[in-house]
Amino acid sequence: MQFKPTLIAAALALACGLAHAVTLRVADVGDVQSMDPHSLNETLQLSFTQNIYDPLVSRGKDMSLKPGLATKWTQTSPTVWRFELRKGVTFHDGTPFTADDVVFSFKRGASEGSDMKGYTNPIKEVRKVNDFAVDIETTAPLPILPDTLTSLFIMSKKWCEENKAERPVDRRKGVENYASFKANGTGPYRLKERQPSTRTVIVRNNNYFEKFEGNVDEVVFTPIGNDATRVAAMLSGEVDVMEPVPLQDVDRLKAGGFTVLQGPELRTIFLGMDQKRDELLFSNVKGKNPFKDVRVRKAFYQAIDIDAIKSRVMRNASSPTALMVGPGIRGFQADMNKRLPYDVEAAKKLMAEAGYPNGFEVGMNCPNDRYVNDGPICQAVAASLARIGVKVNLQTETKNTYFPKILRRDTSFYLLGWTPSTTDSHDAMSALMATPTDKGQGQFNLGSYSNPKFDELAAKVAAEIDDTKRNAYIREAFKIHADDVGHIPLHQQALAWAMRSNVSLVQLPDNRMFFKWVTVKAK
């Protein structure tokens with residue numbers, strides 16, 4: 001039997017290509033919860049799905065705005081922006097990308113079950129101009145609109161409709177659909193395999209519209225929740241990249257020849273309290289809600305030994321904060337970043353004045369695989385509050401069950417972290433501190449803190465183009481929130497990623513990892 005030379009050559013080329021395929025093995029403390037890019041506004045979720053899907057506006061290695069699926073954008077009136085769309089782009093299934101997909105994706109992002117309403121809330125309408133242009137009209141002037149679009153990924157209208165995935169997966173209700181486990185984006189990688197809580201595999205999209213700067217053909221993502229197991233996998237050569245690095249293992253990995261990238265993160269870790277219900281869901285106080293009293297909130301704040309958390313829990317890899325945004329976020333007010341003093345006696349006095357001289361019991365919800373040392377932080381908070389008679393019934397759990405619970409507001413007292421995806425203070429003001437509405441404002445203000453004056457200032461911050469005036473509004477709003485003790489800010493955590501010596505990647509301060517920028521050198 002004879003084989004044609006062309007077939008032999010093709011087979012050899014294929015074999016050589018497979019032999020030289022570059023695989024990157026990544027381990028993280030938690031898993032991506034869904035392949036649906038509109039299902040959860042959480043950094044790990046967005047970090048992973050950004051490799052499969054694209055937004056209209058993306059970010060570069062310096063965090064500056066750069067073209068994504070939109071090649072340019074201009075403001076045609078105070079409330080209207082025109083986005084020129086990239087031509088010749090196809091989704092992974094070969095379907096051409098057009099303005100119809102943009103209009104559909106914004107509608108989907110604003111629909112019931114979406115976790116992206118905070119980004120669509122200021123938008124009045126998205127109109128198709130032609131196949132490769134859309135106008136986005138906002139309800140009020142919004143000069144930072146392009147910044148707000150970097151986390152809203154574009155899906156295929158045709159694919160979603162064909163697969164009955166027109167609406168997002170609702171993580172609060174545990175609802176799944178086709179988009180939970182399958183994906184069809186325009187991004188640099190295609191979904192190959194999805195095994196929730198076990199592993200997810202993506203492969204290079206050779207039709208991507210941008211030139212690859214890295215050389216990774218395949219990414220195998222594995223969640224490893226146990227810190228010791230994750231470090232062991234790194235040391236044994238089972239994984240190439242891991243994050244986060246347990247703080248106690250940084251020096252050990254460095255000594256073993258691994259590269260550890262450490263840097264400040266834009267995320268702020270804070271505590272929230274249910275200030276809406278007339279009676280807390282999880283407390284022995286009946287008939288009233290102690291968190292409605294600012295004296296109780298202030299007592300909790302002053303009872304927390306933040307320096308002990310920094311030194312003992314975070315091994316000095318954190319920066320205690322008094323604000324809900326940190327350095328690196330536009331509008332950060334350095335001179336206002338002064339915490340209330342740690343003062344147990346003052347806290348006890350406040351509790352007595354509020355009518356709780358012997359304290360009370362309260363349930364606290366906390367993830368144990370999302371933020372750096374999140375479980376131990378909550379244990380330290382509980383120990384601090386015990387000094388003022390507060391018995392904290394702490395429940396720590398995996399983020400896969402934690403987030404659906406607190407997003408339903410099924411909590412009385414909780415820990416959360418927030419990275420403003422716009423790198424602007426308004427993001428935190430609108431998402432975390434403004435009064436919740438059904439349009440997406442205050443979507444992550446899970447304790448429903450509310451102050452009409454704050455809301456008024458947040459709206460002014462959104463619309464103001466004069467930096468001096470805008471800064472003054474931000475300062476006034478931050479002062480109101482601090483005086484109200486609307487939340488209890490704790491600290492900004494530090495990033496720590498580890499990788500094998502032959503891996504080079506870009507660590508962004510928003511803790512997102514672009515695989516298209518990763519290079520693995522032959523050893």
# chains A, B, ... in the order shown; residues from 1 in each chain; ligands from 1
>>> residues_around(residues="Ser504 of chain A", least_positions_apart="3", cutoff="12 Å", atoms="only C-alpha atoms", output="JSON, numbers by chain")
{"A": [24, 213, 214, 215, 216, 240, 241, 258, 259, 260, 261, 497, 498, 499, 500, 501, 507, 513, 514, 515, 516, 517, 518, 519, 520, 521, 522]}
>>> residues_around(residues="Asn184 of chain A", least_positions_apart="2", cutoff="9 Å", atoms="only C-alpha atoms", output="list in words")
Ile52, Tyr53, Phe91, His92, Asp93, Met155, Ser156, Trp159, Cys160, Ala179, Lys182, Thr186, Gly187, Arg190 and Leu191 of chain A
>>> select_by_dssp(residues="segment 83-205 of chain A", states="alpha helix (DSSP H)", output="PyMOL selection string")
chain A and resi 99-109+117-120+145-148+157-162+178-181
>>> residues_around(residues="Val134 of chain A", least_positions_apart="2", cutoff="10 Å", atoms="only C-alpha atoms", output="CSV table (one decimal) with C-alpha atoms, in the first residue's frame")
chain,number,residue,atom,x,y,z
A,70,ALA,CA,-14.6,48.3,19.3
A,73,TRP,CA,-15.2,55.5,20.4
A,81,TRP,CA,-21.2,57.5,22.6
A,82,ARG,CA,-20.6,55.9,19.2
A,83,PHE,CA,-18.5,52.8,19.1
A,84,GLU,CA,-17.0,51.7,15.8
A,85,LEU,CA,-16.8,47.9,15.8
A,98,THR,CA,-21.8,42.3,14.2
A,99,ALA,CA,-23.6,45.1,16.0
A,100,ASP,CA,-26.5,42.7,16.7
A,102,VAL,CA,-23.5,44.0,21.0
A,103,VAL,CA,-27.1,45.1,21.3
A,126,VAL,CA,-27.9,50.6,22.9
A,127,ARG,CA,-28.8,51.3,19.3
A,128,LYS,CA,-27.5,49.6,16.1
A,129,VAL,CA,-26.3,52.3,13.7
A,130,ASN,CA,-25.1,49.7,11.1
A,131,ASP,CA,-23.5,46.3,11.2
A,132,PHE,CA,-20.3,47.7,12.6
A,136,ILE,CA,-24.8,53.9,23.6
A,137,GLU,CA,-27.0,56.4,25.3
>>> residues_around(residues="Phe106 of chain A", least_positions_apart="5", cutoff="12 Å", atoms="only C-alpha atoms", output="VMD selection string")
chain A and resid 37 to 38 55 to 56 99 to 101 111 114 116 to 128 134 to 137 149 151 to 157 166 to 168
>>> closest_residue(among="A:Met336, A:Leu394, A:Val231, A:Ala386", to="Asp305 of chain A", atoms="only C-alpha atoms")
A:Ala386
>>> residues_around(residues="segment 430-437 of chain A", least_positions_apart="5", cutoff="8 Å", atoms="only C-alpha atoms", output="PyMOL selection string")
chain A and resi 118+442-446+448-452+454-455+458+481+486
>>> closest_residue(among="A:Asp249, A:Glu397, A:Asp28, A:Asp369", to="Phe48 of chain A", atoms="only C-alpha atoms")
A:Asp28
>>> closest_residue(among="A:Glu265, A:Pro141, A:Lys254, A:Ala494", to="Arg315 of chain A", atoms="only C-alpha atoms")
A:Ala494
>>> residues_around(residues="Val461 of chain A", least_positions_apart="3", cutoff="10 Å", atoms="only C-alpha atoms", output="PyMOL selection string")
chain A and resi 142-143+331+425-426+429-430+455-458+464-467+469-474+477
>>> closest_residue(among="A:Thr321, A:Ile329, A:Gly447, A:Val344", to="Ile304 of chain A", atoms="only C-alpha atoms")
A:Val344
>>> residues_around(residues="Leu46 of chain A", least_positions_apart="5", cutoff="9 Å", atoms="only C-alpha atoms", output="MDAnalysis selection string")
chainID A and resid 32 37 40:41 51 151 512
>>> write_last_selection(atoms="C-alpha atoms", output="compact mmCIF listing (two decimals), in the first residue's frame")
# COMPACT_ATOMS: atom_id res chain seq x y z
CA VAL A 32 -14.36 29.59 38.03
CA PRO A 37 -19.60 35.74 31.37
CA LEU A 40 -20.91 36.63 38.36
CA ASN A 41 -19.06 39.92 38.70
CA ASN A 51 -9.58 34.75 27.78
CA SER A 151 -15.90 43.80 32.13
CA ARG A 512 -6.47 39.36 36.21
>>> atom_distance(atom1="atom CA of Glu353 of chain A", atom2="atom CA of Ala303 of chain A")
15.2 Å
>>> select_by_dssp(residues="segment 59-177 of chain A", states="strand (DSSP E)", output="ChimeraX atom specification")
/A:59,65-67,70-77,80-85,123-130,133-138
>>> closest_atom_pairs(of="segment 336-366 of chain A", to="segment 402-413 of chain A", cutoff="9 Å", atoms="only C-alpha atoms", output="tab-separated table")
residue	atom	partner	partner_atom	distance
A:Val362	CA	A:Ser412	CA	7.3
A:Gly363	CA	A:Ser412	CA	6.3
A:Met364	CA	A:Phe413	CA	4.7
A:Asn365	CA	A:Phe413	CA	6.3
A:Cys366	CA	A:Tyr402	CA	7.2
>>> write_last_selection(atoms="N, CA and C atoms", output="short mmCIF file (atom, residue, chain, number, x, y, z; two decimals), in the first residue's frame")
data_model
loop_
_atom_site.label_atom_id
_atom_site.label_comp_id
_atom_site.auth_asym_id
_atom_site.auth_seq_id
_atom_site.Cartn_x
_atom_site.Cartn_y
_atom_site.Cartn_z
N VAL A 362 -24.37 37.10 66.80
CA VAL A 362 -24.67 37.38 65.40
C VAL A 362 -23.94 36.37 64.51
N GLY A 363 -24.61 35.95 63.45
CA GLY A 363 -23.97 35.06 62.49
C GLY A 363 -23.09 35.86 61.55
N MET A 364 -21.99 35.27 61.13
CA MET A 364 -21.08 35.92 60.19
C MET A 364 -20.74 34.94 59.06
N ASN A 365 -20.83 35.42 57.83
CA ASN A 365 -20.51 34.59 56.66
C ASN A 365 -19.18 35.02 56.05
N CYS A 366 -18.40 34.01 55.66
CA CYS A 366 -17.06 34.30 55.17
C CYS A 366 -16.62 33.20 54.20
#
>>> atom_distance(atom1="atom CA of Phe478 of chain A", atom2="atom CA of Asp307 of chain A")
22.7 Å
>>> closest_residue(among="A:Ile306, A:Ala21, A:Ala255, A:Glu210", to="Ala383 of chain A", atoms="only C-alpha atoms")
A:Ile306
>>> closest_residue(among="A:Gly272, A:Pro327, A:Gly185, A:Gly359", to="Leu69 of chain A", atoms="only C-alpha atoms")
A:Gly185
